[in-house]
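Note sheet for the following structure.
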Amino acid sequence: MTRSPRLRRRRRPVAAALALLLAGPLAAAPAAADVHDLTLWYDEPATDWEQRSLPIGNGALGASVFGGVQTEQLQFNEKTLWTGGPGSPDYDFGNWNEPRPGAIEEVQARLDAQQRMSPEEVADILGQPKTGFGAYQTFGDLWLDFPGAPARPQNYRRDLDIQQAIASVGYTDNGVTHRREYFASHPGNVIVGRISADRPGQVSFDLRTSTPHQGTQVSVADGRLTMRGALADNGMVFEAQIQVVTEGGTRTDGGDRISVSGADSATFIMSAGTDYADTYPEYRGEDPHQRVTRAVSTAASHDYQALRDAHVADHTALFDRVRLDIGQQMPNIPTDELLARYDGQGAPARALEALFFAYGRYLLIASSRPGSLPANLQGVWNNSTSPPWSADYHVNINLQMNYWPAQTTNLAETTAPYDAFVDALRPPGRASAREMFGSDGWVVHNETNPFGFTGVHDWATSFWFPEAGAWLAQQLYDNYLFNQDETYLRETAYPVMREAAEFWFDNLHTDPRDGSLVVSPGYSPEHGDFSAGASMSQQIVWDLLTNTREAADAVGEDPAFVARLDATLDRLDPGLRIGSWGQLQEWKPDWDDPANDHRHVSHLFALHPGAQIVPGSPEEAAARVSLAARGDGGTGWSKAWKINFWARLGDGDHAHLMLSEQLRTSTLPNLWDTHPPFQIDGNFGATAGVAEMLVQSHHGVVEVLPALPGAWSGGSVEGLRARGDVTVDLVWDETGTQRITLRPGPSGGGELRVRDGMFAGAFQVADGSGAPVDVRAEGDGTTIAFTAVPGGEYTLTRG
């Protein structure tokens, strides 16, 4: 038995803790705002991981808190722990195992002759069995066993404060109040837990771990438990370390556990890692031991309060940028009961909607921070060795949807993992372009993994999607439209876009029906037949080439490449046709069935996330017809996409209806979105949809409250972002917008165009000093323009 060293009681200054723990400076944070009650809470422990556990994360590490009284469970993850890839049997990056000369041309010829082929026919020619793809893995579980704890204590509460990113468990037993706190620190790359009581000597527990990975070794020395092994599938090395430090009492090291007895409080500090590296083709780096040891030892050298303060400062620097008030009033009932009672009406409903919006931002911060992989189908959380869809990166919408709220809700930093991941797909994507298509550029299909899988499977309805690379590139260009950073455009976004464009230069097919350039074979995910010129395919390629053409001027592109872009765009079928019943056609021929209610509405890509459809145009009216025909059903992520569609169509009440439907039918008690099963893109898509209801900027004008629902008759929002490096604050009531505040960032300024109904009447515009600003009216008088300076502030007021 050893007596544990006490944690130092003297609090380190927060600045000192940050300096020691942070790799770089924090982004500037505004003063803390009243964000109402942004806490998920429950009056019983979780008994189901998917529906009830509460997630914490720092981008690389994630944990799901159950809150058991006699036995606590924290299921934990490290985002790079994957089976498959190099080292796994038969892994080949998804390219064809043998050359298939003329295979694509055969499909194209058949489509030219007969217009359509079944997915099974195309898969027989172009697909191949899925081998070595792998799956995201649970790392294991951390268990805390509390001897003598009651089965049903008094005053039990389990909660997750998403403003501070701290999960807590509290209860009373025999007059003693027990409390636990957990958080995942991005500055320290650790998960921290604190077990305490309001009387001295009341903290006793055993800490142990478990994992489903065979051959894992567990050792304990000096209050540190180490769990180390290698995946049987691919040999990936993984390691987790947990340090226990107590105040008072005793700490005993066992063979596979650490026991604490009679302490005043205790803190555990955990980190984990693997030898994964996102470098083609090996995807292996250094052994994780030293990195994990350093993270745990560094964090353990600071007291708990310093770790907590550094974590809260880091998280709130991002989270507190946005504040939404839609008239919410949080009732004093558990969150699962609040969800069960939700009917879309009244202040409690507004409270759930505002919480759900904020929760999407919380989940993105927790699952996507610089230095790790992007958020996958489950963010960073997974309790299985064989999760649904491998918890992978589906790139026919799902990965892209994860990042829809990043820019609009002022979380630009969370896009760094996405940017790095897409850039790392280029080397294997070049191999797929060369070996499968005989072309330049880079390509990726329907789904990918952390090991550069850019080829195809043989699942007939979801294997062929070479447009995915072009769609991935869209997010990078949109980042530039928001940040206006020409260095980012030149060094990060444009190289990805240029190579994606080169792929399509070589692979667009001349349609014998009209001589236009089309994608062939093309498929509208995830139903119908293969054809040439499916609308989504055409719209995505149009989007890529149009964006690349705009970017080419900014970077000073070679004139020959610009000429090739212009010539290709001149011949490209744009994928916008109005059909026989007034719909926007899903395919080039008029095959649409008005009774089709499929969850994908892929042919409306040009409405959202694209910007090809112009407001007030016949195509916009046709998109409305198509969307109404598809109905309000679908899976969680599908409903989230429909929130964004209806917002783009300016129908706030229908957008709000889709948000309500998602909450009523596609949201779990812990507020995770469900497909079913749990799939996090619906959370992110809904948060993005709320932002689209309040501010839009995809057509070169900051459009204020473009889709405000009647249910949100009065409110305010602070900190939303518009393209052009502009931050937007709004105040409105039942009569309309009352005040707009625009703050151009360091790359903003120049002509700023704003659209709102208030400009049809009396209004005032003043800069930060209160001086009036010269404005001019445009069009019907609801749009104004004025010259703004970078770093300025402009207030537009009704009356």
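Residue numbers start at 1 in each chain; chains themselves are named A, B, ... in the order of the structure tokens; ligands are numbered from 1 in the order shown.
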
Run DSSP on the backbone and give me the residues of range 509-576 of chain A it puts in alpha helix (DSSP H), as a ChimeraX atom specification.
-> /A:535-555,559-571

Closest-contact table, range 603-627 of chain A side, partner range 553-576 of chain A, 9 Å, counting only C-alpha atoms, as a tab-separated table:
```
residue	atom	partner	partner_atom	distance
A:His603	CA	A:Gly575	CA	8.4
A:Ala606	CA	A:Leu576	CA	8.3
A:Gln612	CA	A:Pro574	CA	8.9
A:Ile613	CA	A:Leu576	CA	8.5
A:Glu619	CA	A:Leu576	CA	7.0
```

Do a neighbour search on Ile333 in chain A at 10 Å with only C-alpha atoms, toss out local chain neighbours closer than 3 positions, and write the hits as a list in words.
->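 Result of the neighbour search: Trp41, Tyr42, Asp43, Met330, Asp336, Glu337, Leu338 and Leu339 of chain A.
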
Identify which of the residues A:His675, A:Phe605, A:Ala473, A:Gln585 lies closest to Ser537 in chain A, counting only C-alpha atoms when measuring atom-to-atom distances.
-> A:Phe605

Selected residue, from A:Thr131, A:Thr298, A:Thr797, A:Ser196, that lies nearest to Phe763 in chain A when counting only C-alpha atoms |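 Selected residue with least distance to Phe763 in chain A: A:Thr797.
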
Would you mind reading off the distance between CA of Glu661 in chain A and CA of Phe678 in chain A, one decimal, in Å?
-> 16.3 Å

Report as a tab-separated table: every residue of range 429-456 of chain A with an atom at most 7 Å from range 381-393 of chain A, its closest pair of atoms, and their distance in Å to one decimal, counting only C-alpha atoms, with rows sorted by chain and ascending residue number.
```
residue	atom	partner	partner_atom	distance
A:Glu447	CA	A:Tyr393	CA	5.6
A:Thr448	CA	A:Tyr393	CA	5.2
A:Asn449	CA	A:Asp392	CA	5.8
```

Pick out the residues sitting within 8 Å of Arg208 in chain A, and hand them over as a PyMOL selection string; count only C-alpha atoms, and ignore anything fewer than 2 positions along from it in its own chain.
-> chain A and resi 142-144+206+210+256-258

Please, which residues of range 209-291 of chain A, numbered as in this document, come out strand (DSSP E) from DSSP, as a ChimeraX atom specification?
-> /A:209-210,217-221,224-230,237-247,250-253,257-263,265-274

Which residues of range 163-255 of chain A come within 9 Å of range 83-102 of chain A, and what is each one's closest atom pair and distance in Å (one decimal), counting only C-alpha atoms, sorted by chain and residue number, as a Markdown table?
```
| residue | atom | partner | partner_atom | distance |
| --- | --- | --- | --- | --- |
| A:Leu231 | CA | A:Thr83 | CA | 7.0 |
| A:Ala232 | CA | A:Thr83 | CA | 8.4 |
| A:Asp233 | CA | A:Ser88 | CA | 5.5 |
| A:Asn234 | CA | A:Gly87 | CA | 4.3 |
| A:Gly235 | CA | A:Gly87 | CA | 6.4 |
| A:Met236 | CA | A:Thr83 | CA | 7.8 |
```

Can you tell me, as a ChimeraX atom specification, what residues are no more than 12 Å from Glu50 in chain A when counting only C-alpha atoms, ignoring any on the same chain fewer than 2 positions away?
-> /A:46-48,52-55,64-66,75,378,381-384,387-388,667-680

With N, CA and C atoms retained, could you export that selection as an mmCIF file, in the first residue's frame?
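That gives us selection14.cif:
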```cif
data_model
loop_
_atom_site.group_PDB
_atom_site.id
_atom_site.type_symbol
_atom_site.label_atom_id
_atom_site.label_comp_id
_atom_site.auth_asym_id
_atom_site.auth_seq_id
_atom_site.Cartn_x
_atom_site.Cartn_y
_atom_site.Cartn_z
ATOM 1 N N ALA A 46 -27.683 6.113 -17.107
ATOM 2 C CA ALA A 46 -27.907 5.547 -18.434
ATOM 3 C C ALA A 46 -27.778 4.029 -18.370
ATOM 4 N N THR A 47 -28.661 3.360 -19.061
ATOM 5 C CA THR A 47 -28.567 1.908 -19.192
ATOM 6 C C THR A 47 -28.340 1.495 -20.645
ATOM 7 N N ASP A 48 -28.337 2.448 -21.559
ATOM 8 C CA ASP A 48 -28.174 2.173 -22.980
ATOM 9 C C ASP A 48 -27.197 3.188 -23.560
ATOM 10 N N ARG A 52 -28.856 6.829 -24.187
ATOM 11 C CA ARG A 52 -28.868 7.501 -22.890
ATOM 12 C C ARG A 52 -27.526 8.071 -22.443
ATOM 13 N N SER A 53 -26.401 7.527 -22.931
ATOM 14 C CA SER A 53 -25.112 8.018 -22.445
ATOM 15 C C SER A 53 -24.875 9.450 -22.915
ATOM 16 N N LEU A 54 -24.019 10.169 -22.196
ATOM 17 C CA LEU A 54 -23.750 11.578 -22.492
ATOM 18 C C LEU A 54 -22.324 11.732 -23.017
ATOM 19 N N PRO A 55 -22.155 12.382 -24.186
ATOM 20 C CA PRO A 55 -20.852 12.414 -24.844
ATOM 21 C C PRO A 55 -19.998 13.611 -24.440
ATOM 22 N N SER A 64 -18.240 8.341 -23.407
ATOM 23 C CA SER A 64 -19.681 8.356 -23.184
ATOM 24 C C SER A 64 -19.927 8.011 -21.723
ATOM 25 N N VAL A 65 -20.574 8.914 -21.004
ATOM 26 C CA VAL A 65 -20.732 8.814 -19.561
ATOM 27 C C VAL A 65 -22.089 8.192 -19.242
ATOM 28 N N PHE A 66 -22.073 7.140 -18.418
ATOM 29 C CA PHE A 66 -23.297 6.448 -18.035
ATOM 30 C C PHE A 66 -23.851 6.952 -16.702
ATOM 31 N N GLN A 75 -17.376 4.646 -21.491
ATOM 32 C CA GLN A 75 -16.891 4.006 -22.715
ATOM 33 C C GLN A 75 -16.100 5.051 -23.475
ATOM 34 N N GLN A 378 -20.317 8.864 -36.537
ATOM 35 C CA GLN A 378 -20.745 8.968 -35.141
ATOM 36 C C GLN A 378 -19.899 9.980 -34.387
ATOM 37 N N TRP A 381 -17.596 9.028 -31.189
ATOM 38 C CA TRP A 381 -18.128 8.108 -30.187
ATOM 39 C C TRP A 381 -18.564 6.801 -30.853
ATOM 40 N N ASN A 382 -18.195 5.674 -30.251
ATOM 41 C CA ASN A 382 -18.558 4.374 -30.795
ATOM 42 C C ASN A 382 -18.277 3.312 -29.748
ATOM 43 N N ASN A 383 -19.244 2.453 -29.471
ATOM 44 C CA ASN A 383 -19.068 1.423 -28.450
ATOM 45 C C ASN A 383 -18.927 0.023 -29.029
ATOM 46 N N SER A 384 -18.638 -0.079 -30.322
ATOM 47 C CA SER A 384 -18.697 -1.373 -30.997
ATOM 48 C C SER A 384 -17.412 -1.648 -31.775
ATOM 49 N N PRO A 387 -19.444 -1.238 -35.882
ATOM 50 C CA PRO A 387 -20.517 -0.250 -35.845
ATOM 51 C C PRO A 387 -21.263 -0.170 -37.171
ATOM 52 N N PRO A 388 -22.474 0.397 -37.167
ATOM 53 C CA PRO A 388 -23.231 0.545 -38.412
ATOM 54 C C PRO A 388 -22.442 1.329 -39.456
ATOM 55 N N THR A 667 -34.914 11.707 -32.950
ATOM 56 C CA THR A 667 -33.980 12.168 -31.929
ATOM 57 C C THR A 667 -34.090 11.268 -30.705
ATOM 58 N N LEU A 668 -32.939 10.822 -30.211
ATOM 59 C CA LEU A 668 -32.875 9.914 -29.072
ATOM 60 C C LEU A 668 -32.918 10.698 -27.758
ATOM 61 N N PRO A 669 -33.174 10.045 -26.634
ATOM 62 C CA PRO A 669 -33.276 10.778 -25.365
ATOM 63 C C PRO A 669 -32.042 11.589 -24.990
ATOM 64 N N ASN A 670 -30.848 11.179 -25.446
ATOM 65 C CA ASN A 670 -29.642 11.981 -25.186
ATOM 66 C C ASN A 670 -29.423 13.029 -26.269
ATOM 67 N N LEU A 671 -30.421 13.212 -27.133
ATOM 68 C CA LEU A 671 -30.463 14.205 -28.220
ATOM 69 C C LEU A 671 -29.525 13.867 -29.378
ATOM 70 N N TRP A 672 -28.959 12.670 -29.406
ATOM 71 C CA TRP A 672 -28.280 12.232 -30.623
ATOM 72 C C TRP A 672 -29.328 11.998 -31.709
ATOM 73 N N ASP A 673 -28.960 12.327 -32.937
ATOM 74 C CA ASP A 673 -29.816 12.044 -34.081
ATOM 75 C C ASP A 673 -29.790 10.547 -34.382
ATOM 76 N N THR A 674 -30.910 10.026 -34.877
ATOM 77 C CA THR A 674 -30.947 8.621 -35.261
ATOM 78 C C THR A 674 -31.416 8.472 -36.696
ATOM 79 N N HIS A 675 -30.742 7.557 -37.406
ATOM 80 C CA HIS A 675 -31.099 7.252 -38.804
ATOM 81 C C HIS A 675 -32.427 6.531 -38.904
ATOM 82 N N PRO A 676 -32.709 5.485 -38.089
ATOM 83 C CA PRO A 676 -31.882 4.825 -37.088
ATOM 84 C C PRO A 676 -30.889 3.852 -37.729
ATOM 85 N N PRO A 677 -29.790 3.498 -37.017
ATOM 86 C CA PRO A 677 -29.412 3.860 -35.653
ATOM 87 C C PRO A 677 -28.767 5.242 -35.594
ATOM 88 N N PHE A 678 -28.089 5.533 -34.444
ATOM 89 C CA PHE A 678 -27.418 6.806 -34.227
ATOM 90 C C PHE A 678 -26.511 7.152 -35.391
ATOM 91 N N GLN A 679 -26.688 8.370 -35.910
ATOM 92 C CA GLN A 679 -25.859 8.892 -36.991
ATOM 93 C C GLN A 679 -25.802 10.403 -36.804
ATOM 94 N N ILE A 680 -24.612 10.935 -36.572
ATOM 95 C CA ILE A 680 -24.483 12.289 -36.039
ATOM 96 C C ILE A 680 -24.716 13.383 -37.065
#
```

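Coordinates place CA of Leu399 in chain A at a distance of 10.7 Å from CA of Asn446 in chain A.
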
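Here CA of Pro790 in chain A is placed at a distance of 5.0 Å from CA of Pro746 in chain A.
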
Which of these residues is nearest to Phe786 in chain A, using only C-alpha atoms: A:Val701, A:Ala340, A:Val395, A:Ala707?
->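 Result for the nearest residue to Phe786 in chain A: A:Val701.
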
Using only C-alpha atoms, determine which residues lie at most 10 Å from Ala760 in chain A, disregarding the query and same-chain residues fewer than 4 positions distant; provide the list as number ranges by chain.
-> A: 755-756, 777, 780-784

Could you write out the selected residues, including N, CA and C atoms, as an mmCIF file, in the first residue's frame?
```
data_model
loop_
_atom_site.group_PDB
_atom_site.id
_atom_site.type_symbol
_atom_site.label_atom_id
_atom_site.label_comp_id
_atom_site.auth_asym_id
_atom_site.auth_seq_id
_atom_site.Cartn_x
_atom_site.Cartn_y
_atom_site.Cartn_z
ATOM 1 N N ARG A 755 -29.979 42.354 -47.291
ATOM 2 C CA ARG A 755 -31.388 42.307 -47.693
ATOM 3 C C ARG A 755 -32.259 42.040 -46.474
ATOM 4 N N ASP A 756 -33.270 42.891 -46.312
ATOM 5 C CA ASP A 756 -34.256 42.696 -45.249
ATOM 6 C C ASP A 756 -35.452 43.584 -45.525
ATOM 7 N N ALA A 777 -30.011 52.015 -52.320
ATOM 8 C CA ALA A 777 -31.016 50.969 -52.428
ATOM 9 C C ALA A 777 -30.865 50.241 -53.746
ATOM 10 N N ASP A 780 -36.016 46.155 -55.453
ATOM 11 C CA ASP A 780 -37.321 46.580 -54.932
ATOM 12 C C ASP A 780 -37.220 47.381 -53.647
ATOM 13 N N GLY A 781 -36.005 47.729 -53.253
ATOM 14 C CA GLY A 781 -35.806 48.551 -52.073
ATOM 15 C C GLY A 781 -35.563 47.771 -50.809
ATOM 16 N N THR A 782 -35.632 46.451 -50.871
ATOM 17 C CA THR A 782 -35.362 45.651 -49.672
ATOM 18 C C THR A 782 -33.896 45.259 -49.561
ATOM 19 N N THR A 783 -33.087 45.656 -50.541
ATOM 20 C CA THR A 783 -31.646 45.405 -50.507
ATOM 21 C C THR A 783 -30.919 46.737 -50.531
ATOM 22 N N ILE A 784 -29.943 46.866 -49.635
ATOM 23 C CA ILE A 784 -29.114 48.057 -49.622
ATOM 24 C C ILE A 784 -27.655 47.647 -49.746
#
```

Hey, what's within 9 Å of Trp712 in chain A if we count only C-alpha atoms and toss same-chain stuff fewer than 3 positions away? As a ChimeraX atom specification, please?
-> /A:326-327,350,708-709,715,733-734
